[in-house]
Amino acid sequence: MVEKQQRETILVNGYAYPSIGPETLQAWLPDLTFVSTFSYGFTADGQLIDLMDENIIRAAQPAGVQSLMVLTPLDSQGAFNNQLAKALLENPQAQDQLIDNILDNIRTKGMFGVDFDFEYVLAENRDQYTELVRKARQRLNAAGYLVTVALAPKTSADQPGLLYQGHDYRGMGQAANFILTMTYEWGYTLPQRCSKSLDF
């Protein structure tokens, strides 16, 4: 008698810009658990910079795919700005304001949660970033929403580099509901800027 193979369930996330073509989005939605809309920004005082991502959310809902809002400290040139992250992470009132605004946005748009994607965080702000994610999870989980965090892959606990030293991997594993490992970082070749080629 042949035993039935037990099938494992996995969670699959995909990042998408609002400019994604509808045919491409529809082709990928059946394989996704989450679609993360890239990307919302914020100001140093915790105001949210909105993203016109309703086209993704509307397409995802009937497919049974949950939408996550991606939050990044991007500057006007589209580069990760660790000084913007620093200003927020060193201001508890701004963090509380930001979490309030995240909750309002998720409720208004019918989303499932938030994905924190703060790259190039300064080492001095490492614990503050972990605490922000922890506070966000406490608030959002209590309201029925999810908190994930995107981290670059690494091969050792003490790996040097700006992508790694500002992130407490163990702490983030405890602070967030899930970690999204950005394996595309392994294939990235430009030294100073993280390119998000996310249109599938």
# chains A, B, ... in the order shown; residues from 1 in each chain; ligands from 1

call {"tool": "select_by_dssp", "arguments": {"residues": "segment 50-153 of chain A", "states": "helix (DSSP H, G or I)", "output": "PyMOL selection string"}}
result
chain A and resi 54-63+82-89+92-109+123-142

call {"tool": "residues_around", "arguments": {"residues": "Leu98 of chain A", "least_positions_apart": "4", "cutoff": "9 Å", "atoms": "only C-alpha atoms", "output": "list in words"}}
result
Phe42, Thr43, Asp45, Gly46, Gln47, Leu48, Leu88, Gln93, Ala94, Ile102 and Leu103 of chain A

call {"tool": "write_last_selection", "arguments": {"atoms": "all heavy atoms", "output": "PDB file, in the first residue's frame"}}
result
ATOM      1  N   PHE A  42       6.787  57.911   4.380  1.00  0.00           N
ATOM      2  CA  PHE A  42       6.380  58.634   5.591  1.00  0.00           C
ATOM      3  C   PHE A  42       7.281  59.839   5.771  1.00  0.00           C
ATOM      4  O   PHE A  42       8.358  59.928   5.180  1.00  0.00           O
ATOM      5  CB  PHE A  42       6.430  57.713   6.811  1.00  0.00           C
ATOM      6  CG  PHE A  42       7.793  57.142   7.104  1.00  0.00           C
ATOM      7  CD1 PHE A  42       8.717  57.839   7.872  1.00  0.00           C
ATOM      8  CD2 PHE A  42       8.157  55.903   6.596  1.00  0.00           C
ATOM      9  CE1 PHE A  42       9.972  57.316   8.125  1.00  0.00           C
ATOM     10  CE2 PHE A  42       9.415  55.372   6.844  1.00  0.00           C
ATOM     11  CZ  PHE A  42      10.326  56.079   7.610  1.00  0.00           C
ATOM     12  N   THR A  43       6.818  60.752   6.605  1.00  0.00           N
ATOM     13  CA  THR A  43       7.605  61.922   6.947  1.00  0.00           C
ATOM     14  C   THR A  43       8.239  61.712   8.318  1.00  0.00           C
ATOM     15  O   THR A  43       7.859  60.791   9.061  1.00  0.00           O
ATOM     16  CB  THR A  43       6.729  63.183   6.983  1.00  0.00           C
ATOM     17  OG1 THR A  43       5.753  63.028   8.022  1.00  0.00           O
ATOM     18  CG2 THR A  43       6.025  63.404   5.647  1.00  0.00           C
ATOM     19  N   ASP A  45       7.817  63.233  10.963  1.00  0.00           N
ATOM     20  CA  ASP A  45       6.894  63.377  12.090  1.00  0.00           C
ATOM     21  C   ASP A  45       5.776  62.338  12.081  1.00  0.00           C
ATOM     22  O   ASP A  45       4.814  62.433  12.840  1.00  0.00           O
ATOM     23  CB  ASP A  45       6.317  64.790  12.151  1.00  0.00           C
ATOM     24  CG  ASP A  45       5.513  65.152  10.911  1.00  0.00           C
ATOM     25  OD1 ASP A  45       5.499  64.360   9.941  1.00  0.00           O
ATOM     26  OD2 ASP A  45       4.890  66.226  10.913  1.00  0.00           O
ATOM     27  N   GLY A  46       5.897  61.317  11.220  1.00  0.00           N
ATOM     28  CA  GLY A  46       4.977  60.188  11.270  1.00  0.00           C
ATOM     29  C   GLY A  46       3.763  60.271  10.371  1.00  0.00           C
ATOM     30  O   GLY A  46       2.846  59.457  10.496  1.00  0.00           O
ATOM     31  N   GLN A  47       3.747  61.231   9.455  1.00  0.00           N
ATOM     32  CA  GLN A  47       2.648  61.286   8.491  1.00  0.00           C
ATOM     33  C   GLN A  47       2.903  60.258   7.383  1.00  0.00           C
ATOM     34  O   GLN A  47       4.047  60.041   6.976  1.00  0.00           O
ATOM     35  CB  GLN A  47       2.520  62.686   7.902  1.00  0.00           C
ATOM     36  CG  GLN A  47       2.196  63.755   8.929  1.00  0.00           C
ATOM     37  CD  GLN A  47       0.968  63.444   9.751  1.00  0.00           C
ATOM     38  OE1 GLN A  47      -0.074  63.074   9.212  1.00  0.00           O
ATOM     39  NE2 GLN A  47       1.085  63.584  11.069  1.00  0.00           N
ATOM     40  N   LEU A  48       1.853  59.655   6.906  1.00  0.00           N
ATOM     41  CA  LEU A  48       1.957  58.630   5.871  1.00  0.00           C
ATOM     42  C   LEU A  48       1.891  59.275   4.486  1.00  0.00           C
ATOM     43  O   LEU A  48       1.069  60.160   4.250  1.00  0.00           O
ATOM     44  CB  LEU A  48       0.818  57.625   6.036  1.00  0.00           C
ATOM     45  CG  LEU A  48       0.936  56.267   5.361  1.00  0.00           C
ATOM     46  CD1 LEU A  48       2.127  55.495   5.919  1.00  0.00           C
ATOM     47  CD2 LEU A  48      -0.347  55.472   5.570  1.00  0.00           C
ATOM     48  N   LEU A  88      12.691  59.332  12.431  1.00  0.00           N
ATOM     49  CA  LEU A  88      11.483  58.675  12.932  1.00  0.00           C
ATOM     50  C   LEU A  88      11.790  57.790  14.129  1.00  0.00           C
ATOM     51  O   LEU A  88      11.086  57.835  15.150  1.00  0.00           O
ATOM     52  CB  LEU A  88      10.840  57.841  11.827  1.00  0.00           C
ATOM     53  CG  LEU A  88       9.599  57.064  12.278  1.00  0.00           C
ATOM     54  CD1 LEU A  88       8.373  57.956  12.237  1.00  0.00           C
ATOM     55  CD2 LEU A  88       9.387  55.809  11.463  1.00  0.00           C
ATOM     56  N   GLN A  93       6.936  59.851  19.651  1.00  0.00           N
ATOM     57  CA  GLN A  93       5.635  60.430  19.291  1.00  0.00           C
ATOM     58  C   GLN A  93       5.366  60.274  17.797  1.00  0.00           C
ATOM     59  O   GLN A  93       4.243  59.970  17.396  1.00  0.00           O
ATOM     60  CB  GLN A  93       5.580  61.919  19.682  1.00  0.00           C
ATOM     61  CG  GLN A  93       5.576  62.181  21.173  1.00  0.00           C
ATOM     62  CD  GLN A  93       6.942  62.031  21.828  1.00  0.00           C
ATOM     63  OE1 GLN A  93       7.983  62.157  21.170  1.00  0.00           O
ATOM     64  NE2 GLN A  93       6.946  61.747  23.127  1.00  0.00           N
ATOM     65  N   ALA A  94       6.402  60.459  16.992  1.00  0.00           N
ATOM     66  CA  ALA A  94       6.237  60.279  15.544  1.00  0.00           C
ATOM     67  C   ALA A  94       5.927  58.825  15.213  1.00  0.00           C
ATOM     68  O   ALA A  94       5.126  58.541  14.315  1.00  0.00           O
ATOM     69  CB  ALA A  94       7.501  60.738  14.814  1.00  0.00           C
ATOM     70  N   ILE A 102      -0.973  54.101   9.833  1.00  0.00           N
ATOM     71  CA  ILE A 102      -0.963  52.791   9.186  1.00  0.00           C
ATOM     72  C   ILE A 102      -2.296  52.078   9.428  1.00  0.00           C
ATOM     73  O   ILE A 102      -2.914  51.537   8.497  1.00  0.00           O
ATOM     74  CB  ILE A 102       0.212  51.936   9.703  1.00  0.00           C
ATOM     75  CG1 ILE A 102       1.549  52.492   9.201  1.00  0.00           C
ATOM     76  CG2 ILE A 102       0.047  50.466   9.285  1.00  0.00           C
ATOM     77  CD1 ILE A 102       2.765  51.874   9.875  1.00  0.00           C
ATOM     78  N   LEU A 103      -2.749  52.089  10.671  1.00  0.00           N
ATOM     79  CA  LEU A 103      -4.023  51.449  11.010  1.00  0.00           C
ATOM     80  C   LEU A 103      -5.179  52.069  10.233  1.00  0.00           C
ATOM     81  O   LEU A 103      -6.036  51.351   9.697  1.00  0.00           O
ATOM     82  CB  LEU A 103      -4.280  51.561  12.512  1.00  0.00           C
ATOM     83  CG  LEU A 103      -3.850  50.385  13.373  1.00  0.00           C
ATOM     84  CD1 LEU A 103      -3.920  50.743  14.858  1.00  0.00           C
ATOM     85  CD2 LEU A 103      -4.700  49.154  13.092  1.00  0.00           C
TER      86      LEU A 103
END

call {"tool": "closest_residue", "arguments": {"among": "A:Pro92, A:Gly21, A:Pro153, A:Gly166", "to": "Leu122 of chain A", "atoms": "only C-alpha atoms"}}
result
A:Gly166

call {"tool": "residues_around", "arguments": {"residues": "Phe38 of chain A", "least_positions_apart": "3", "cutoff": "6 Å", "atoms": "only C-alpha atoms", "output": "PyMOL selection string"}}
result
chain A and resi 16-17+70

call {"tool": "closest_residue", "arguments": {"among": "A:Tyr40, A:Phe178, A:Tyr169, A:Trp28", "to": "Asn101 of chain A", "atoms": "only C-alpha atoms"}}
result
A:Tyr40

call {"tool": "select_by_dssp", "arguments": {"residues": "segment 124-153 of chain A", "states": "strand (DSSP E)", "output": "PDB file with all heavy atoms, in the first residue's frame"}}
result
ATOM      1  N   LEU A 146      -1.853  42.049  10.335  1.00  0.00           N
ATOM      2  CA  LEU A 146      -0.562  41.370  10.312  1.00  0.00           C
ATOM      3  C   LEU A 146       0.578  42.379  10.185  1.00  0.00           C
ATOM      4  O   LEU A 146       0.428  43.411   9.545  1.00  0.00           O
ATOM      5  CB  LEU A 146      -0.542  40.427   9.107  1.00  0.00           C
ATOM      6  CG  LEU A 146       0.618  39.464   8.929  1.00  0.00           C
ATOM      7  CD1 LEU A 146       0.497  38.319   9.928  1.00  0.00           C
ATOM      8  CD2 LEU A 146       0.603  38.900   7.509  1.00  0.00           C
ATOM      9  N   VAL A 147       1.739  42.036  10.780  1.00  0.00           N
ATOM     10  CA  VAL A 147       2.950  42.841  10.623  1.00  0.00           C
ATOM     11  C   VAL A 147       4.083  41.930  10.156  1.00  0.00           C
ATOM     12  O   VAL A 147       4.396  40.932  10.815  1.00  0.00           O
ATOM     13  CB  VAL A 147       3.350  43.544  11.931  1.00  0.00           C
ATOM     14  CG1 VAL A 147       4.708  44.228  11.798  1.00  0.00           C
ATOM     15  CG2 VAL A 147       2.292  44.566  12.335  1.00  0.00           C
ATOM     16  N   THR A 148       4.670  42.274   9.012  1.00  0.00           N
ATOM     17  CA  THR A 148       5.835  41.547   8.525  1.00  0.00           C
ATOM     18  C   THR A 148       6.995  42.537   8.404  1.00  0.00           C
ATOM     19  O   THR A 148       6.799  43.755   8.404  1.00  0.00           O
ATOM     20  CB  THR A 148       5.576  40.900   7.147  1.00  0.00           C
ATOM     21  OG1 THR A 148       5.400  41.922   6.155  1.00  0.00           O
ATOM     22  CG2 THR A 148       4.347  40.002   7.182  1.00  0.00           C
ATOM     23  N   VAL A 149       8.190  41.996   8.283  1.00  0.00           N
ATOM     24  CA  VAL A 149       9.369  42.840   8.084  1.00  0.00           C
ATOM     25  C   VAL A 149      10.256  42.178   7.037  1.00  0.00           C
ATOM     26  O   VAL A 149      10.423  40.956   7.028  1.00  0.00           O
ATOM     27  CB  VAL A 149      10.131  43.083   9.411  1.00  0.00           C
ATOM     28  CG1 VAL A 149      10.693  41.816   9.989  1.00  0.00           C
ATOM     29  CG2 VAL A 149      11.223  44.123   9.245  1.00  0.00           C
ATOM     30  N   ALA A 150      10.764  42.987   6.108  1.00  0.00           N
ATOM     31  CA  ALA A 150      11.642  42.495   5.049  1.00  0.00           C
ATOM     32  C   ALA A 150      13.090  42.651   5.489  1.00  0.00           C
ATOM     33  O   ALA A 150      13.499  43.727   5.926  1.00  0.00           O
ATOM     34  CB  ALA A 150      11.389  43.272   3.758  1.00  0.00           C
ATOM     35  N   LEU A 151      13.858  41.564   5.382  1.00  0.00           N
ATOM     36  CA  LEU A 151      15.266  41.580   5.765  1.00  0.00           C
ATOM     37  C   LEU A 151      16.116  40.966   4.651  1.00  0.00           C
ATOM     38  O   LEU A 151      15.717  39.989   4.025  1.00  0.00           O
ATOM     39  CB  LEU A 151      15.485  40.785   7.057  1.00  0.00           C
ATOM     40  CG  LEU A 151      14.806  41.302   8.323  1.00  0.00           C
ATOM     41  CD1 LEU A 151      15.019  40.328   9.475  1.00  0.00           C
ATOM     42  CD2 LEU A 151      15.320  42.688   8.694  1.00  0.00           C
TER      43      LEU A 151
END

call {"tool": "residues_around", "arguments": {"residues": "Gly14 of chain A", "least_positions_apart": "6", "cutoff": "10 Å", "atoms": "only C-alpha atoms", "output": "number ranges by chain"}}
result
A: 25, 28-29, 31-37, 67-68, 198-200

call {"tool": "write_last_selection", "arguments": {"atoms": "all heavy atoms", "output": "CSV table (one decimal), in the first residue's frame"}}
result
chain,number,residue,atom,x,y,z
A,25,LEU,N,-0.6,40.8,-13.3
A,25,LEU,CA,-1.2,40.7,-11.9
A,25,LEU,C,-2.1,39.5,-11.8
A,25,LEU,O,-2.0,38.6,-10.9
A,25,LEU,CB,-1.9,41.9,-11.4
A,25,LEU,CG,-2.4,41.9,-10.0
A,25,LEU,CD1,-1.3,41.7,-9.0
A,25,LEU,CD2,-3.1,43.3,-9.7
A,28,TRP,N,-0.4,36.1,-11.8
A,28,TRP,CA,0.3,35.7,-10.6
A,28,TRP,C,-0.6,35.5,-9.4
A,28,TRP,O,-0.2,34.8,-8.4
A,28,TRP,CB,1.4,36.7,-10.3
A,28,TRP,CG,2.6,36.5,-11.2
A,28,TRP,CD1,2.9,37.1,-12.3
A,28,TRP,CD2,3.7,35.5,-10.9
A,28,TRP,NE1,4.1,36.6,-12.8
A,28,TRP,CE2,4.6,35.6,-12.0
A,28,TRP,CE3,3.9,34.6,-9.9
A,28,TRP,CZ2,5.7,34.9,-12.0
A,28,TRP,CZ3,5.1,33.9,-9.9
A,28,TRP,CH2,6.0,34.0,-11.0
A,29,LEU,N,-1.7,36.2,-9.3
A,29,LEU,CA,-2.5,36.1,-8.1
A,29,LEU,C,-2.9,34.7,-7.7
A,29,LEU,O,-2.9,34.4,-6.4
A,29,LEU,CB,-3.8,36.9,-8.3
A,29,LEU,CG,-3.6,38.5,-8.2
A,29,LEU,CD1,-4.9,39.2,-8.6
A,29,LEU,CD2,-3.2,38.9,-6.8
A,31,ASP,N,-1.2,32.2,-7.4
A,31,ASP,CA,0.0,31.6,-6.7
A,31,ASP,C,0.3,32.3,-5.4
A,31,ASP,O,1.3,31.9,-4.8
A,31,ASP,CB,1.2,31.5,-7.6
A,31,ASP,CG,0.9,30.6,-8.8
A,31,ASP,OD1,0.3,29.5,-8.7
A,31,ASP,OD2,1.3,31.0,-10.0
A,32,LEU,N,-0.4,33.4,-5.1
A,32,LEU,CA,0.0,34.2,-4.0
A,32,LEU,C,-0.9,34.1,-2.8
A,32,LEU,O,-2.1,33.8,-2.9
A,32,LEU,CB,0.0,35.7,-4.4
A,32,LEU,CG,1.0,36.1,-5.5
A,32,LEU,CD1,0.8,37.6,-5.8
A,32,LEU,CD2,2.4,35.8,-5.1
A,33,THR,N,-0.3,34.2,-1.6
A,33,THR,CA,-1.0,34.4,-0.3
A,33,THR,C,-1.2,35.9,-0.1
A,33,THR,O,-2.3,36.3,0.3
A,33,THR,CB,-0.3,33.8,0.8
A,33,THR,OG1,0.1,32.4,0.5
A,33,THR,CG2,-1.1,33.7,2.1
A,34,PHE,N,-0.1,36.6,-0.2
A,34,PHE,CA,-0.1,38.1,0.0
A,34,PHE,C,0.4,38.8,-1.3
A,34,PHE,O,1.3,38.2,-2.0
A,34,PHE,CB,0.8,38.5,1.1
A,34,PHE,CG,0.5,37.7,2.4
A,34,PHE,CD1,1.5,36.8,2.9
A,34,PHE,CD2,-0.6,37.9,3.1
A,34,PHE,CE1,1.2,36.1,4.1
A,34,PHE,CE2,-0.9,37.3,4.3
A,34,PHE,CZ,0.0,36.4,4.8
A,35,VAL,N,-0.1,40.0,-1.5
A,35,VAL,CA,0.5,40.9,-2.5
A,35,VAL,C,0.8,42.1,-1.8
A,35,VAL,O,0.0,42.7,-1.1
A,35,VAL,CB,-0.4,41.1,-3.7
A,35,VAL,CG1,-1.7,41.7,-3.4
A,35,VAL,CG2,0.4,41.9,-4.8
A,36,SER,N,2.1,42.5,-1.8
A,36,SER,CA,2.6,43.7,-1.1
A,36,SER,C,2.8,44.9,-2.0
A,36,SER,O,3.6,44.8,-3.0
A,36,SER,CB,3.9,43.4,-0.4
A,36,SER,OG,3.7,42.4,0.6
A,37,THR,N,2.0,45.9,-1.8
A,37,THR,CA,2.1,47.1,-2.7
A,37,THR,C,3.2,48.0,-2.3
A,37,THR,O,3.3,48.5,-1.2
A,37,THR,CB,0.7,47.8,-2.6
A,37,THR,OG1,0.5,48.3,-1.3
A,37,THR,CG2,-0.4,46.9,-3.0
A,67,SER,N,-3.8,41.8,0.8
A,67,SER,CA,-2.9,42.9,0.4
A,67,SER,C,-2.2,43.4,1.7
A,67,SER,O,-2.8,43.6,2.7
A,67,SER,CB,-3.7,44.1,-0.2
A,67,SER,OG,-4.3,43.7,-1.4
A,68,LEU,N,-0.9,43.7,1.5
A,68,LEU,CA,-0.1,44.3,2.5
A,68,LEU,C,0.5,45.6,2.0
A,68,LEU,O,0.8,45.7,0.8
A,68,LEU,CB,1.1,43.4,2.9
A,68,LEU,CG,0.8,42.0,3.5
A,68,LEU,CD1,2.1,41.3,3.7
A,68,LEU,CD2,0.0,42.1,4.8
A,198,LEU,N,10.1,44.7,-9.1
A,198,LEU,CA,9.1,44.0,-8.4
A,198,LEU,C,7.9,43.7,-9.3
A,198,LEU,O,6.9,43.2,-8.8
A,198,LEU,CB,8.7,44.7,-7.1
A,198,LEU,CG,9.8,45.0,-6.2
A,198,LEU,CD1,9.3,45.9,-5.0
A,198,LEU,CD2,10.4,43.7,-5.6
A,199,ASP,N,7.9,44.1,-10.5
A,199,ASP,CA,6.7,43.9,-11.4
A,199,ASP,C,6.6,42.5,-11.9
A,199,ASP,O,6.2,42.3,-13.0
A,199,ASP,CB,6.7,44.9,-12.5
A,199,ASP,CG,6.1,46.2,-12.1
A,199,ASP,OD1,5.7,46.4,-11.0
A,199,ASP,OD2,6.0,47.1,-13.0
A,200,PHE,N,7.1,41.5,-11.1
A,200,PHE,CA,7.0,40.1,-11.3
A,200,PHE,C,7.9,39.8,-12.6
A,200,PHE,O,7.7,40.0,-13.6
A,200,PHE,CB,5.6,39.6,-11.5
A,200,PHE,CG,4.8,39.8,-10.3
A,200,PHE,CD1,3.9,40.8,-10.1
A,200,PHE,CD2,4.9,38.9,-9.2
A,200,PHE,CE1,3.2,41.0,-9.0
A,200,PHE,CE2,4.2,39.1,-8.0
A,200,PHE,CZ,3.3,40.1,-7.9
